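Asks: I'd like to ask you about the structure that follows.
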Amino acid sequence: MSCVRLRGILVDMRPMQENIKVLYFANKCLEPYVEIITGKDAVKCRRSVCSSEEGNRSEDEEPEDLLPVLRNHSQLLNDHHIESLANHMPARTQGYPWNLVYSTAIHGTSLKTLYRQMAHIDSPVLLVIKDMEKKVFGAFSSHPFRVSDCCYGTGETFVYSLDPAFKAYRWSGENSYFIWGHMDSLQIGGGGGLFGLWLDADLYHGASYSCHTFNNQPLSTQQDFIVQDLEVWTVQ
């Protein structure tokens, strides 16, 4: 029999059965401890905050489900859309539920109302648009939409289209024209006089062009489009 001393405690290290797995967690924990998990339960267990990173997980373990919880019903997003978007959002948004803060179906069509709904929000937001051609697209913004004297936001901001397949256009680094809110329009991305995504004061007319900020393709079916439905979600 062999023993090892762990923080002053003598621990018996006799051979164990093959279907027993011992995990030792010490990194960043207040106190080290040993957890014994049987073979069947090892596959089902979730990683603790002190466990190894993704690359050290056993091949038999299934990855954690990162699909966020929507606290409200969406008329525009299905599970496949949500999964695709969640996988491209910053790590700091993972694990948080999504809350519907604005919907044209609920709040009407007014950019002023959209700004008012976000007046007390300090978290990233997800803009989802469905045009009259039934195409769904939008933008993830590092900051909530508001009226501003100049452009704001960070390189976490991106624009995307969901149909026919998901495509995200991230910051190109060419400029920092992420978001610019006016009382009569909302602009996302820019450069060369063109916007990646533009909406008017009534949230009815919109436009999407290739812009330097994201080097994107037009997101909508037509570069100038009519909004059928629009939603904005907070993601923290």
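Please note that chains go A, B, ... in the order of the structure tokens, that every chain numbers its residues from 1, and that ligands are numbered from 1 in the order shown.
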Which residues in stretch 42-170 of chain A does DSSP call strand (DSSP E or B)? List them as a ChimeraX atom specification.
Replies: /A:70,98-103,125-131,136-141,152,158-161,167-169
Asks: Please identify all polymer residues within 6 Å of A:Gln228, counting only C-alpha atoms, omitting same-chain residues fewer than 5 positions from it, and present them as a ChimeraX atom specification.
Replies: /A:130-132
Asks: Skip A:Asn87 itself and residues of its chain fewer than 3 positions away, then list as a count of residues only all residues within 12 Å of it, counting only C-alpha atoms.
Replies: 18
Asks: Using only C-alpha atoms, which residue out of A:Ala201, A:Leu162, A:Leu76, A:Ile129 lies closest to A:Val147?
Replies: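 Counting only C-alpha atoms, the residue closest to A:Val147 is A:Ala201.
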Asks: Quick one, how far is atom CA of A:Leu85 from atom CA of A:Cys150?
Replies: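 Here the two named atoms are 27.5 Å from each other.
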Asks: Given only C-alpha atoms as the basis, pick out the residue of A:Trp98, A:Phe225, A:Trp233, A:Tyr209 nearest to A:Lys134.
Replies: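 Of A:Trp98, A:Phe225, A:Trp233, A:Tyr209, the one nearest A:Lys134, counting only C-alpha atoms, is A:Phe225.
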Asks: Using only C-alpha atoms, which residues sit within 6 Å of A:Trp171 once same-chain residues fewer than 4 positions away are excluded, as a list in words?
Replies: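 Everything that qualifies: Gly155, Thr213 and Phe214 of chain A.
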Asks: Within 7 Å of A:Asp202, counting only C-alpha atoms, which residues show up once you throw out same-chain ones fewer than 2 positions away? Write them as JSON, numbers by chain, please.
Replies: {"A": [109, 110, 111, 200, 204]}
Asks: At what distance in Å, to one decimal, does atom CA of A:Ala86 lie from atom CA of A:Gly108?
Replies: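 Going from atom CA of A:Gly108 over to atom CA of A:Ala86, I get 26.8 Å.
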Asks: Compile the contact shell of A:Phe195 as a PyMOL selection string: residues with an atom at most 7 Å away, counting only C-alpha atoms, same-chain residues fewer than 5 positions apart removed.
Replies: chain A and resi 187-190+208-209+211
Asks: Generate a file of the selected residues that holds all heavy atoms, formatted as a PDB file, in the first residue's frame.
Replies:
```pdb
ATOM      1  N   GLN A 187     -27.424  53.851 -37.968  1.00  0.00           N
ATOM      2  CA  GLN A 187     -26.421  53.402 -38.930  1.00  0.00           C
ATOM      3  C   GLN A 187     -25.460  52.435 -38.256  1.00  0.00           C
ATOM      4  O   GLN A 187     -24.972  52.699 -37.159  1.00  0.00           O
ATOM      5  CB  GLN A 187     -25.643  54.604 -39.477  1.00  0.00           C
ATOM      6  CG  GLN A 187     -26.522  55.667 -40.104  1.00  0.00           C
ATOM      7  CD  GLN A 187     -25.789  56.974 -40.346  1.00  0.00           C
ATOM      8  OE1 GLN A 187     -24.574  57.059 -40.163  1.00  0.00           O
ATOM      9  NE2 GLN A 187     -26.513  57.996 -40.734  1.00  0.00           N
ATOM     10  N   ILE A 188     -25.187  51.316 -38.918  1.00  0.00           N
ATOM     11  CA  ILE A 188     -24.242  50.321 -38.407  1.00  0.00           C
ATOM     12  C   ILE A 188     -23.231  50.024 -39.516  1.00  0.00           C
ATOM     13  O   ILE A 188     -23.601  49.531 -40.590  1.00  0.00           O
ATOM     14  CB  ILE A 188     -24.965  49.032 -37.981  1.00  0.00           C
ATOM     15  CG1 ILE A 188     -26.009  49.346 -36.915  1.00  0.00           C
ATOM     16  CG2 ILE A 188     -23.967  48.002 -37.470  1.00  0.00           C
ATOM     17  CD1 ILE A 188     -26.870  48.162 -36.520  1.00  0.00           C
ATOM     18  N   GLY A 189     -21.969  50.321 -39.248  1.00  0.00           N
ATOM     19  CA  GLY A 189     -20.934  50.135 -40.258  1.00  0.00           C
ATOM     20  C   GLY A 189     -20.960  51.257 -41.279  1.00  0.00           C
ATOM     21  O   GLY A 189     -22.014  51.845 -41.554  1.00  0.00           O
ATOM     22  N   GLY A 190     -19.805  51.581 -41.831  1.00  0.00           N
ATOM     23  CA  GLY A 190     -19.756  52.653 -42.817  1.00  0.00           C
ATOM     24  C   GLY A 190     -18.420  52.704 -43.531  1.00  0.00           C
ATOM     25  O   GLY A 190     -17.541  51.865 -43.344  1.00  0.00           O
ATOM     26  N   SER A 208     -28.834  48.101 -46.992  1.00  0.00           N
ATOM     27  CA  SER A 208     -27.628  47.369 -46.621  1.00  0.00           C
ATOM     28  C   SER A 208     -26.696  47.316 -47.816  1.00  0.00           C
ATOM     29  O   SER A 208     -27.069  46.819 -48.885  1.00  0.00           O
ATOM     30  CB  SER A 208     -27.968  45.945 -46.164  1.00  0.00           C
ATOM     31  OG  SER A 208     -26.787  45.233 -45.848  1.00  0.00           O
ATOM     32  N   TYR A 209     -25.495  47.849 -47.616  1.00  0.00           N
ATOM     33  CA  TYR A 209     -24.478  47.886 -48.665  1.00  0.00           C
ATOM     34  C   TYR A 209     -23.168  47.316 -48.127  1.00  0.00           C
ATOM     35  O   TYR A 209     -22.976  47.193 -46.918  1.00  0.00           O
ATOM     36  CB  TYR A 209     -24.247  49.326 -49.142  1.00  0.00           C
ATOM     37  CG  TYR A 209     -25.445  49.961 -49.808  1.00  0.00           C
ATOM     38  CD1 TYR A 209     -26.423  50.604 -49.056  1.00  0.00           C
ATOM     39  CD2 TYR A 209     -25.596  49.923 -51.190  1.00  0.00           C
ATOM     40  CE1 TYR A 209     -27.528  51.197 -49.653  1.00  0.00           C
ATOM     41  CE2 TYR A 209     -26.693  50.514 -51.813  1.00  0.00           C
ATOM     42  CZ  TYR A 209     -27.657  51.148 -51.038  1.00  0.00           C
ATOM     43  OH  TYR A 209     -28.751  51.725 -51.637  1.00  0.00           O
ATOM     44  N   CYS A 211     -19.620  47.696 -46.854  1.00  0.00           N
ATOM     45  CA  CYS A 211     -18.966  48.840 -46.216  1.00  0.00           C
ATOM     46  C   CYS A 211     -17.582  48.437 -45.719  1.00  0.00           C
ATOM     47  O   CYS A 211     -17.292  47.263 -45.514  1.00  0.00           O
ATOM     48  CB  CYS A 211     -19.816  49.384 -45.070  1.00  0.00           C
ATOM     49  SG  CYS A 211     -19.868  48.322 -43.605  1.00  0.00           S
TER      50      CYS A 211
END
```
Asks: Hey, what's within 12 Å of A:Phe158 if we count only C-alpha atoms and toss same-chain stuff fewer than 2 positions away? As JSON, numbers by chain, please?
Replies: {"A": [85, 88, 89, 90, 124, 125, 126, 127, 137, 138, 139, 140, 141, 142, 143, 153, 154, 155, 156, 160, 161, 167, 168, 169, 170, 171, 172, 173, 176, 177, 178, 179, 188, 189, 196, 197, 211, 213, 214, 215, 216, 219]}
Asks: Nearest to A:Pro144: which of A:Asn78, A:Asp163, A:Val232, A:Gly193 is it, counting only C-alpha atoms?
Replies: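 Counting only C-alpha atoms, the residue closest to A:Pro144 is A:Val232.
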Asks: Which value, in Å to one decimal, gives the distance between atom CA of A:Pro97 and atom CA of A:Lys135?
Replies: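 So the answer is 24.9 Å.
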Asks: From the list A:Cys151, A:Ala165, A:Leu186, A:Val128, which residue is nearest A:Tyr102 when using only C-alpha atoms?
Replies: A:Val128
Asks: Between A:Ile106, A:Leu70, A:Met183, A:Val159, which residue has the minimum interatomic distance to A:Val235, considering only C-alpha atoms?
Replies: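 For A:Val235, the nearest of the given residues is A:Leu70.
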Asks: Of the residues A:Ser185, A:Asn99, A:Glu231, A:Tyr152, which is the one nearest to A:Gln75, using only C-alpha atoms?
Replies: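 Of the candidates, the smallest distance to A:Gln75 is held by A:Glu231.
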